[in-house]
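Undergrad: Pasting model_33.cif below, which is mmCIF, C-alpha atoms and all ligand atoms.
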```
data_structure
#
loop_
_atom_site.label_atom_id
_atom_site.label_comp_id
_atom_site.auth_asym_id
_atom_site.auth_seq_id
_atom_site.Cartn_x
_atom_site.Cartn_y
_atom_site.Cartn_z
CA MET A 404 10.05 3.99 21.08
CA SER A 405 7.52 2.89 18.50
CA ALA A 406 4.01 4.32 18.93
CA HIS A 407 2.69 0.78 18.53
CA LYS A 408 3.19 -2.39 20.53
CA THR A 409 5.63 -4.65 18.74
CA LEU A 410 7.03 -8.18 19.08
CA ASP A 411 9.81 -6.81 21.29
CA ASP A 412 7.17 -5.70 23.81
CA LEU A 413 5.63 -9.16 23.64
CA PHE A 414 8.98 -10.89 24.18
CA THR A 415 9.66 -8.85 27.31
CA ALA A 416 6.13 -9.48 28.61
CA VAL A 417 5.94 -13.29 28.34
CA GLY A 418 7.81 -16.45 27.36
CA LEU A 419 6.36 -17.83 24.14
CA ASN A 420 7.00 -21.53 24.47
CA GLY A 421 3.75 -23.41 23.79
CA LEU A 422 1.65 -20.20 23.63
CA ARG A 423 -0.88 -19.98 20.83
CA ILE A 424 -0.23 -16.85 18.84
CA LEU A 425 -2.81 -15.74 16.28
CA VAL A 426 -1.18 -13.84 13.42
CA ARG A 427 -3.33 -11.84 10.99
CA ALA A 428 -1.48 -12.10 7.68
CA ASP A 429 -2.45 -10.88 4.23
CA LEU A 430 -2.43 -14.14 2.27
CA ASN A 431 -4.67 -12.61 -0.38
CA VAL A 432 -2.01 -13.31 -3.00
CA PRO A 433 -2.38 -13.44 -6.79
CA MET A 434 -2.91 -17.01 -8.11
CA GLN A 435 -2.62 -18.50 -11.56
CA ASP A 436 -3.78 -22.04 -12.39
CA GLY A 437 -4.10 -22.87 -8.69
CA LYS A 438 -0.55 -21.71 -7.86
CA VAL A 439 0.71 -18.55 -6.14
CA SER A 440 2.01 -16.28 -8.91
CA ASP A 441 3.44 -13.47 -6.73
CA ALA A 442 4.70 -14.41 -3.27
CA THR A 443 5.65 -10.88 -2.09
CA ARG A 444 3.04 -10.84 0.68
CA ILE A 445 4.02 -14.35 1.84
CA GLU A 446 7.69 -13.36 1.97
CA ARG A 447 6.87 -10.27 4.03
CA VAL A 448 4.91 -12.13 6.71
CA ALA A 449 7.33 -15.08 6.81
CA SER A 450 9.85 -13.34 9.07
CA THR A 451 7.25 -12.82 11.81
CA LEU A 452 6.06 -16.42 11.54
CA LYS A 453 9.63 -17.77 11.65
CA GLU A 454 10.58 -15.61 14.60
CA LEU A 455 7.54 -16.72 16.63
CA ALA A 456 7.94 -20.38 15.70
CA GLY A 457 11.65 -20.11 16.54
CA ARG A 458 10.66 -19.11 20.09
CA GLY A 459 8.49 -22.20 20.44
CA ALA A 460 5.11 -20.57 19.87
CA LYS A 461 2.22 -22.36 18.18
CA VAL A 462 1.68 -19.95 15.31
CA ILE A 463 -1.87 -19.78 13.99
CA VAL A 464 -2.42 -17.73 10.83
CA LEU A 465 -5.62 -15.85 10.03
CA SER A 466 -6.30 -14.29 6.64
CA HIS A 467 -9.00 -13.50 4.13
CA PHE A 468 -8.69 -14.56 0.51
CA GLY A 469 -10.69 -12.98 -2.32
CA ARG A 470 -14.27 -11.88 -1.89
CA PRO A 471 -16.49 -14.81 -0.90
CA LYS A 472 -19.95 -13.71 0.21
CA GLY A 473 -19.74 -14.52 3.93
CA ALA A 474 -20.05 -18.29 3.36
CA PRO A 475 -17.70 -21.14 2.36
CA ASP A 476 -16.81 -21.17 -1.34
CA ALA A 477 -14.15 -23.67 -2.52
CA LYS A 478 -12.91 -21.17 -5.11
CA TYR A 479 -11.64 -18.98 -2.27
CA SER A 480 -10.05 -21.64 -0.06
CA LEU A 481 -6.71 -20.72 1.52
CA LYS A 482 -5.51 -24.34 1.26
CA PRO A 483 -3.30 -23.80 -1.84
CA VAL A 484 -1.78 -20.70 -0.23
CA ALA A 485 -1.13 -22.62 3.01
CA ASP A 486 0.64 -25.28 0.91
CA ALA A 487 2.85 -22.58 -0.62
CA LEU A 488 3.80 -21.15 2.80
CA ALA A 489 6.01 -23.98 4.13
CA PRO A 490 9.18 -23.26 2.08
CA PHE A 491 9.10 -19.63 3.24
CA VAL A 492 8.85 -20.42 6.95
CA GLY A 493 10.94 -23.59 7.03
CA VAL A 494 8.71 -25.37 9.58
CA ASP A 495 5.66 -27.66 9.37
CA VAL A 496 2.54 -25.88 8.13
CA ALA A 497 -0.85 -27.50 8.77
CA PHE A 498 -4.26 -26.36 7.54
CA ALA A 499 -7.72 -26.34 9.17
CA SER A 500 -10.84 -26.14 7.04
CA ASP A 501 -12.55 -23.58 9.30
CA CYS A 502 -11.22 -20.55 11.19
CA VAL A 503 -13.54 -20.98 14.22
CA GLY A 504 -15.43 -23.70 16.08
CA GLU A 505 -14.51 -27.30 16.72
CA THR A 506 -12.47 -27.79 13.53
CA ALA A 507 -10.16 -24.88 14.32
CA ALA A 508 -9.97 -25.76 18.03
CA LYS A 509 -9.05 -29.41 17.32
CA ALA A 510 -6.36 -28.43 14.83
CA ALA A 511 -4.89 -25.96 17.33
CA ASP A 512 -4.99 -28.63 20.11
CA THR A 513 -2.84 -31.01 18.07
CA MET A 514 -0.14 -28.43 17.24
CA LYS A 515 3.42 -28.87 18.45
CA PRO A 516 5.37 -25.83 19.67
CA GLY A 517 7.34 -24.23 16.83
CA THR A 518 4.87 -25.12 14.07
CA VAL A 519 2.39 -23.14 11.97
CA LEU A 520 -1.31 -23.72 11.36
CA VAL A 521 -3.21 -21.79 8.68
CA LEU A 522 -6.94 -21.40 9.30
CA GLU A 523 -9.43 -21.27 6.42
CA ASN A 524 -10.56 -17.93 4.91
CA THR A 525 -12.02 -15.64 7.59
CA ARG A 526 -14.46 -14.25 5.01
CA PHE A 527 -16.25 -17.62 4.91
CA HIS A 528 -18.16 -16.14 7.88
CA ALA A 529 -20.36 -13.05 7.53
CA GLY A 530 -19.16 -11.91 10.98
CA GLU A 531 -15.73 -11.13 9.56
CA GLU A 532 -16.67 -8.17 7.37
CA ASN A 533 -19.50 -7.09 9.74
CA ASN A 534 -16.95 -6.99 12.55
CA ASP A 535 -19.41 -8.98 14.63
CA PRO A 536 -18.13 -9.08 18.24
CA ALA A 537 -19.46 -12.65 18.69
CA PHE A 538 -17.43 -13.83 15.70
CA ALA A 539 -14.35 -11.88 16.82
CA GLY A 540 -14.71 -13.60 20.21
CA GLU A 541 -14.84 -17.01 18.48
CA LEU A 542 -11.63 -16.21 16.60
CA ALA A 543 -9.97 -15.03 19.82
CA LYS A 544 -10.79 -18.33 21.56
CA ILE A 545 -8.28 -20.13 19.31
CA GLY A 546 -5.28 -18.21 20.67
CA ASN A 547 -3.75 -16.43 23.67
CA ILE A 548 -2.14 -13.46 21.90
CA TYR A 549 -2.97 -11.57 18.69
CA ILE A 550 -0.47 -10.13 16.22
CA ASN A 551 -1.41 -8.06 13.19
CA ASP A 552 1.14 -8.30 10.39
CA ALA A 553 -1.18 -7.20 7.58
CA PHE A 554 -0.91 -3.43 7.08
CA SER A 555 -2.62 -3.88 3.70
CA CYS A 556 -5.83 -4.99 5.49
CA ALA A 557 -5.63 -2.48 8.35
CA HIS A 558 -7.92 0.10 6.71
CA ARG A 559 -10.84 -2.27 7.25
CA ALA A 560 -12.44 -2.65 10.69
CA HIS A 561 -13.11 -6.37 10.33
CA ALA A 562 -13.27 -9.04 13.04
CA SER A 563 -9.79 -10.37 12.26
CA THR A 564 -8.19 -6.91 12.02
CA GLU A 565 -9.98 -4.87 14.70
CA GLY A 566 -12.72 -6.79 16.55
CA ILE A 567 -10.33 -9.42 17.87
CA THR A 568 -8.11 -6.80 19.53
CA HIS A 569 -10.89 -6.24 22.09
CA PHE A 570 -10.39 -9.81 23.32
CA LEU A 571 -6.63 -10.46 23.23
CA PRO A 572 -3.38 -8.62 24.01
CA SER A 573 -2.42 -7.27 20.57
CA TYR A 574 0.88 -6.41 18.90
CA ALA A 575 2.30 -5.40 15.51
CA GLY A 576 4.26 -8.07 13.63
CA ARG A 577 7.61 -7.34 11.96
CA ALA A 578 6.15 -6.48 8.52
CA MET A 579 3.57 -4.16 10.14
CA GLU A 580 6.30 -2.57 12.25
CA ALA A 581 8.52 -1.97 9.20
CA GLU A 582 5.62 -0.48 7.27
CA LEU A 583 4.60 1.85 10.12
CA SER A 584 8.12 3.07 10.67
CA ALA A 585 8.60 3.73 6.92
CA LEU A 586 5.32 5.64 6.77
CA ASP A 587 6.22 7.62 9.85
CA ALA A 588 9.55 8.57 8.27
CA ALA A 589 7.71 9.72 5.14
CA LEU A 590 4.82 11.78 6.49
CA GLY A 591 4.61 11.43 10.28
CA ASN A 592 8.00 12.80 11.35
CA PRO A 593 9.87 13.32 8.07
CA THR A 594 13.17 15.04 7.45
CA ARG A 595 12.40 18.14 5.36
CA PRO A 596 12.08 19.18 2.65
CA VAL A 597 9.44 16.58 1.75
CA VAL A 598 8.41 16.19 -1.88
CA ALA A 599 5.24 14.24 -2.66
CA ILE A 600 4.66 12.92 -6.16
CA VAL A 601 1.08 12.13 -7.06
CA GLY A 602 0.24 10.82 -10.49
CA GLY A 603 -2.34 8.45 -11.95
CA ALA A 604 -5.41 8.81 -14.04
CA LYS A 605 -7.89 11.02 -12.25
CA VAL A 606 -8.21 13.77 -9.67
CA SER A 607 -11.60 12.35 -8.63
CA THR A 608 -10.03 9.30 -6.94
CA LYS A 609 -7.41 11.36 -5.08
CA ILE A 610 -9.11 14.54 -3.86
CA SER A 611 -8.73 13.81 -0.15
CA LEU A 612 -5.19 12.56 -0.65
CA LEU A 613 -4.16 15.81 -2.38
CA GLY A 614 -6.02 17.83 0.27
CA ASN A 615 -4.07 16.11 3.06
CA LEU A 616 -0.67 16.29 1.33
CA VAL A 617 -0.71 20.04 0.71
CA LYS A 618 -0.93 20.51 4.47
CA LYS A 619 2.04 18.24 5.15
CA VAL A 620 4.64 18.44 2.39
CA ASP A 621 6.91 21.22 1.12
CA ALA A 622 6.33 20.45 -2.55
CA LEU A 623 3.62 18.49 -4.34
CA VAL A 624 4.41 17.23 -7.83
CA ILE A 625 1.26 16.47 -9.81
CA GLY A 626 1.64 14.32 -12.91
CA GLY A 627 -0.28 11.77 -14.96
CA GLY A 628 -3.78 12.31 -16.31
CA MET A 629 -4.75 14.24 -13.18
CA ALA A 630 -2.29 17.03 -14.02
CA ASN A 631 -4.41 17.79 -17.14
CA THR A 632 -7.34 18.81 -14.96
CA PHE A 633 -5.10 21.20 -12.99
CA LEU A 634 -3.61 22.65 -16.20
CA ALA A 635 -7.05 23.10 -17.77
CA ALA A 636 -8.38 24.66 -14.54
CA GLN A 637 -5.66 27.30 -15.01
CA GLY A 638 -6.89 28.05 -18.52
CA LYS A 639 -4.50 25.85 -20.53
CA LYS A 640 -5.83 23.95 -23.53
CA VAL A 641 -5.38 20.20 -23.14
CA GLY A 642 -6.78 19.02 -26.51
CA LYS A 643 -8.22 15.50 -26.34
CA SER A 644 -6.45 14.63 -23.06
CA LEU A 645 -8.14 12.86 -20.17
CA CYS A 646 -9.61 15.73 -18.17
CA GLU A 647 -12.37 16.25 -15.55
CA PRO A 648 -13.98 19.69 -16.14
CA ASP A 649 -16.40 19.17 -13.24
CA LEU A 650 -13.37 19.20 -10.94
CA PHE A 651 -11.89 22.52 -12.08
CA ASP A 652 -13.18 24.23 -8.93
CA THR A 653 -11.80 21.42 -6.77
CA ALA A 654 -8.41 21.73 -8.48
CA ARG A 655 -8.35 25.52 -7.93
CA HIS A 656 -9.34 24.99 -4.31
CA ILE A 657 -6.47 22.53 -3.78
CA LEU A 658 -4.05 25.03 -5.35
CA ALA A 659 -5.31 27.80 -3.06
CA ASN A 660 -4.96 25.57 0.01
CA ALA A 661 -1.42 24.70 -1.08
CA ARG A 662 -0.52 28.39 -1.37
CA ALA A 663 -1.96 29.04 2.09
CA ALA A 664 0.08 26.16 3.53
CA ASN A 665 3.30 27.21 1.77
CA CYS A 666 3.33 24.04 -0.28
CA ASP A 667 4.80 24.46 -3.76
CA VAL A 668 2.68 22.71 -6.40
CA VAL A 669 4.80 21.52 -9.31
CA LEU A 670 2.87 20.93 -12.54
CA PRO A 671 4.34 19.77 -15.86
CA THR A 672 6.00 22.48 -17.95
CA ASP A 673 6.19 20.32 -21.07
CA VAL A 674 4.33 17.17 -22.09
CA VAL A 675 4.48 14.27 -24.53
CA VAL A 676 1.42 14.25 -26.80
CA ALA A 677 0.05 11.78 -29.37
CA THR A 678 -3.10 11.42 -31.46
CA GLU A 679 -3.63 7.83 -30.30
CA PHE A 680 -3.08 5.95 -27.05
CA LYS A 681 -1.19 2.92 -28.32
CA ALA A 682 2.31 1.45 -28.21
CA GLY A 683 4.74 3.18 -30.55
CA ALA A 684 2.18 5.88 -31.56
CA ALA A 685 3.79 8.89 -33.21
CA SER A 686 4.40 11.38 -30.42
CA LYS A 687 6.07 14.72 -29.82
CA THR A 688 7.01 16.94 -26.91
CA VAL A 689 5.38 20.37 -26.58
CA PRO A 690 5.24 23.09 -23.92
CA VAL A 691 2.09 22.86 -21.78
CA ASP A 692 0.61 25.93 -23.46
CA ALA A 693 0.95 24.47 -26.97
CA VAL A 694 -1.01 21.20 -26.83
CA PRO A 695 -2.65 20.70 -30.27
CA ASP A 696 -6.47 20.39 -30.26
CA ASP A 697 -6.42 16.94 -31.84
CA MET A 698 -3.76 15.41 -29.53
CA MET A 699 -3.70 14.06 -25.97
CA ILE A 700 -1.16 14.39 -23.17
CA LEU A 701 0.26 10.97 -22.25
CA ASP A 702 3.46 11.77 -20.34
CA VAL A 703 5.56 14.54 -18.86
CA GLY A 704 8.40 15.90 -20.99
CA PRO A 705 12.19 16.23 -20.46
CA ASP A 706 12.00 19.82 -19.23
CA THR A 707 9.60 18.71 -16.47
CA ILE A 708 11.92 15.82 -15.56
CA ALA A 709 14.84 18.27 -15.31
CA HIS A 710 12.77 20.38 -12.89
CA LEU A 711 11.96 17.30 -10.84
CA ALA A 712 15.61 16.23 -10.79
CA ALA A 713 16.47 19.64 -9.31
CA ARG A 714 13.81 19.16 -6.63
CA PHE A 715 15.13 15.69 -5.79
CA GLU A 716 18.64 17.20 -5.40
CA THR A 717 17.52 19.15 -2.33
CA ALA A 718 14.71 16.87 -1.07
CA LYS A 719 15.35 14.79 2.03
CA THR A 720 12.13 12.78 1.78
CA VAL A 721 10.08 11.67 -1.23
CA VAL A 722 6.69 10.01 -1.00
CA TRP A 723 5.20 8.69 -4.23
CA ASN A 724 1.85 7.45 -5.45
CA GLY A 725 0.79 7.08 -9.07
CA PRO A 726 2.63 7.14 -12.42
CA LEU A 727 3.54 10.44 -14.14
CA GLY A 728 2.26 9.16 -17.48
CA ALA A 729 0.52 6.26 -19.18
CA PHE A 730 3.49 4.07 -18.23
CA GLU A 731 2.04 0.75 -19.46
CA VAL A 732 2.39 1.91 -23.08
CA PRO A 733 5.88 2.86 -24.32
CA PRO A 734 7.16 5.49 -25.00
CA PHE A 735 4.79 7.08 -22.45
CA ASP A 736 6.59 5.33 -19.60
CA ARG A 737 9.67 7.52 -19.96
CA GLY A 738 8.80 10.29 -17.50
CA THR A 739 7.88 7.85 -14.72
CA VAL A 740 10.93 5.67 -15.38
CA GLU A 741 13.41 8.55 -15.41
CA ALA A 742 11.99 10.22 -12.31
CA ALA A 743 11.88 6.89 -10.46
CA ARG A 744 15.51 6.15 -11.33
CA ILE A 745 16.69 9.50 -10.00
CA VAL A 746 14.82 8.99 -6.72
CA ALA A 747 16.16 5.42 -6.49
CA MET A 748 19.74 6.57 -7.08
CA ARG A 749 19.59 9.32 -4.47
CA SER A 750 18.02 6.90 -2.00
CA LYS A 751 20.76 4.36 -2.65
CA GLN A 752 23.35 7.07 -2.04
CA GLY A 753 21.70 7.75 1.31
CA GLU A 754 20.70 11.27 0.27
CA LEU A 755 16.98 10.83 0.80
CA VAL A 756 14.27 8.64 2.26
CA SER A 757 11.82 7.43 -0.39
CA VAL A 758 8.54 5.69 0.27
CA ALA A 759 6.17 4.58 -2.49
CA GLY A 760 2.95 2.62 -2.63
CA GLY A 761 -0.46 2.04 -4.13
CA GLY A 762 -1.31 -0.44 -6.92
CA ASP A 763 0.12 0.87 -10.18
CA THR A 764 2.98 2.67 -8.49
CA VAL A 765 4.69 -0.56 -7.52
CA ALA A 766 4.30 -1.94 -11.07
CA ALA A 767 5.74 1.29 -12.50
CA LEU A 768 8.73 1.28 -10.12
CA ASN A 769 9.39 -2.37 -10.87
CA GLU A 770 9.32 -1.66 -14.58
CA ALA A 771 11.82 1.15 -14.05
CA GLY A 772 14.06 -1.29 -12.14
CA ALA A 773 13.90 1.28 -9.31
CA ALA A 774 11.84 -0.44 -6.62
CA ASP A 775 14.77 -2.21 -4.91
CA ASP A 776 16.60 1.05 -4.27
CA PHE A 777 13.64 2.91 -2.79
CA THR A 778 13.83 3.06 0.99
CA TYR A 779 10.45 1.36 1.27
CA VAL A 780 7.87 0.16 -1.23
CA SER A 781 4.51 -0.67 0.29
CA ALA A 782 2.69 -3.75 -0.97
CA ALA A 783 -0.60 -2.25 0.25
CA GLY A 784 -3.11 -0.61 -2.09
CA GLY A 785 -6.16 0.88 -0.36
CA ALA A 786 -4.51 1.04 3.06
CA PHE A 787 -1.56 3.02 1.66
CA LEU A 788 -3.90 5.51 -0.02
CA GLU A 789 -5.99 5.96 3.13
CA TRP A 790 -2.81 6.55 5.09
CA MET A 791 -1.79 9.20 2.51
CA GLU A 792 -5.23 10.74 3.01
CA GLY A 793 -4.39 11.13 6.71
CA ILE A 794 -7.04 8.66 7.88
CA GLU A 795 -6.34 6.69 11.04
CA LEU A 796 -6.52 3.02 10.04
CA PRO A 797 -8.62 0.99 12.53
CA GLY A 798 -6.30 -2.04 12.42
CA VAL A 799 -3.32 0.18 13.23
CA ALA A 800 -5.08 2.29 15.88
CA ALA A 801 -5.88 -0.95 17.73
CA LEU A 802 -2.14 -1.62 18.21
CA SER A 803 -1.41 1.80 19.62
CA ARG A 804 0.53 2.02 22.86
CA ARG A 805 -1.88 4.73 24.10
P1 LIG A 901 -4.16 5.46 -10.68
O1 LIG A 901 -4.76 4.11 -10.51
O2 LIG A 901 -5.12 6.58 -10.41
O3 LIG A 901 -2.84 5.62 -9.95
O4 LIG A 901 -3.88 5.63 -12.23
C1 LIG A 901 -2.94 4.85 -12.92
C2 LIG A 901 -3.25 4.96 -14.38
O5 LIG A 901 -3.14 6.30 -14.82
C3 LIG A 901 -2.33 4.16 -15.26
O6 LIG A 901 -3.07 3.13 -15.85
C4 LIG A 901 -1.83 5.16 -16.27
O7 LIG A 901 -1.82 4.65 -17.60
C5 LIG A 901 -2.86 6.26 -16.18
N1 LIG A 901 -2.34 7.54 -16.68
C6 LIG A 901 -1.26 8.20 -16.25
N2 LIG A 901 -1.08 9.31 -16.98
C7 LIG A 901 -2.05 9.37 -17.90
C8 LIG A 901 -2.39 10.29 -18.93
N3 LIG A 901 -1.68 11.40 -19.16
N4 LIG A 901 -3.49 10.02 -19.69
C9 LIG A 901 -4.22 8.92 -19.45
N5 LIG A 901 -3.95 8.00 -18.49
C10 LIG A 901 -2.87 8.23 -17.72
#
```
Show this structure as structure tokens.

TA:
Amino acid sequence: MSAHKTLDDLFTAVGLNGLRILVRADLNVPMQDGKVSDATRIERVASTLKELAGRGAKVIVLSHFGRPKGAPDAKYSLKPVADALAPFVGVDVAFASDCVGETAAKAADTMKPGTVLVLENTRFHAGEENNDPAFAGELAKIGNIYINDAFSCAHRAHASTEGITHFLPSYAGRAMEAELSALDAALGNPTRPVVAIVGGAKVSTKISLLGNLVKKVDALVIGGGMANTFLAAQGKKVGKSLCEPDLFDTARHILANARAANCDVVLPTDVVVATEFKAGAASKTVPVDAVPDDMMILDVGPDTIAHLAARFETAKTVVWNGPLGAFEVPPFDRGTVEAARIVAMRSKQGELVSVAGGGDTVAALNEAGAADDFTYVSAAGGAFLEWMEGIELPGVAALSRR
């Protein structure tokens, strides 16, 4: 049984016909020229909305959009996003120009069962980000039941993600449920051995994440710019590479903790170096102890990839955040692309469970054409990272069965 209350619990508890169900979605989607340019988040929440509407509920959607300063700002209206929602849910979608008060109440009163109403940006009220109980109570008045389907917003204790759960019976939506079960399979109750891959630019942004992972996984692969700091902390010369000397002690501490926890840390054995960071720059592959003084490390080399491939052969679970190299600029995408394709292939063959997430990771996996074959790719940024850090997310904790 899931550790969190889901729609199945709701369906056994009550009949939905005519009930007003508030659904916290993440409609904070990228826009270009007033139109939604990437509908991934809309697609993910659509199945919950359709399922509830299909059971005759009046489905009322709450979301933030952008970063207005606690007051209405036309630039951050959810109206264009509400307009884009209808084709994904296949039922009527109305819009109300406020998420609380008379405007919201009137719009909810006129709803027919089986339809959807999107309420205006919750961040148009300062009480949202302050998690003001009075504001959360106002939101709760609009509905009878609360469903959170926005894992990507669950790391914030805001009125629409946490405060409201003190007023209404609360459940996880289908997208939230899928995300939680994928994350549980990756780090909660994984099949071992578990290999974590952490890349990206800097150690400084991922200290707590690395600290948590060494306690939980069997092997930790460190790539990207952050590997340079680990290599340099072990006395290797990294030339002009991105490096954080003030974190050498931190890096050594993480390595010592990994040893104590029996976690194998896998660092690059060879690297791709160049004198400039630009597309098509002349580059060469060198062993990690032969990086020229005037060159910088921009990717992992083929020997490292071969080592990783061997790890993936025996791994049962892979969890991935951050590119292994400067993947936006070819040819420095090669390490990330090759490693991602191997993980994707083994996942497709049913040999391992692979879960990836966090900003650039999704872009890198998409570029490698690998994302579709991963077991689960999270669309969440900050929430995914906090989960990897082992932090209990307030919006998730509020749905716990306990
Ligand atoms: P992050 O947001 O921490 O996951 O970092 C992602 C960024 O790290 C990407 O923009 C990559 O280009 C960058 N990156 C990865 N490897 C390197 C490297 N060896 N040198 C410089 N930047 C890198």

Undergrad: What residues of the protein or nucleic acid chains come within 8 Å of ligand LIG 901 (chain A) when you use only C-alpha atoms and all ligand atoms? Reply as a PyMOL selection string.

TA: chain A and resi 602-606+608-609+626-631+644-645+699-703+724-732+761-764

Undergrad: Within 6 Å of segment 455-459 of chain A, counting all atoms listed in the file, which residues qualify if same-chain residues fewer than 5 places away don't, as a ChimeraX atom specification?

TA: /A:420-421,516-518

Undergrad: Excluding Ile794 of chain A and residues on its chain fewer than 4 positions from it, collect all residues at most 10 Å away from it, counting only C-alpha atoms, and give them as a PyMOL selection string.

TA: chain A and resi 558+611-612+615+786+788-790

Undergrad: For segment 711-717 of chain A, find every residue with an atom within 8 Å (counting only C-alpha atoms), except residues of its own chain fewer than 6 positions away, and show them as a PyMOL selection string.

TA: chain A and resi 596+598+742+745-746+749

Undergrad: Go ahead and compute the interatomic distance for atom CA of Glu446 of chain A and atom CA of Glu580 of chain A, in Å to one decimal.

TA: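 Atom CA of Glu446 of chain A sits 15.0 Å away from atom CA of Glu580 of chain A.
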
Undergrad: How many Å separate atom CA of Asn431 of chain A from atom CA of Cys502 of chain A?

TA: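 According to the coordinates, atom CA of Asn431 of chain A and atom CA of Cys502 of chain A are separated by 15.5 Å.
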
Undergrad: Need to verify the contact set: Ser781 of chain A, 9 Å, all atoms listed in the file, exclusion of same-chain residues closer than 5 positions in sequence. Can you return it as number ranges by chain?

TA: A: 555, 582, 585, 758-761, 765, 787

Undergrad: Considering all atoms listed in the file, state which residue in the set A:Ala553, A:Val484, A:Leu634, A:Leu542 is at the smallest distance from Leu571 of chain A.

TA: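 Under the stated criterion, the closest residue is A:Leu542.
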
Undergrad: Just the number, please: distance in Å from atom CA of Gly614 of chain A to atom CA of Phe651 of chain A, one decimal.

TA: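 Atom CA of Gly614 of chain A sits 14.5 Å away from atom CA of Phe651 of chain A.
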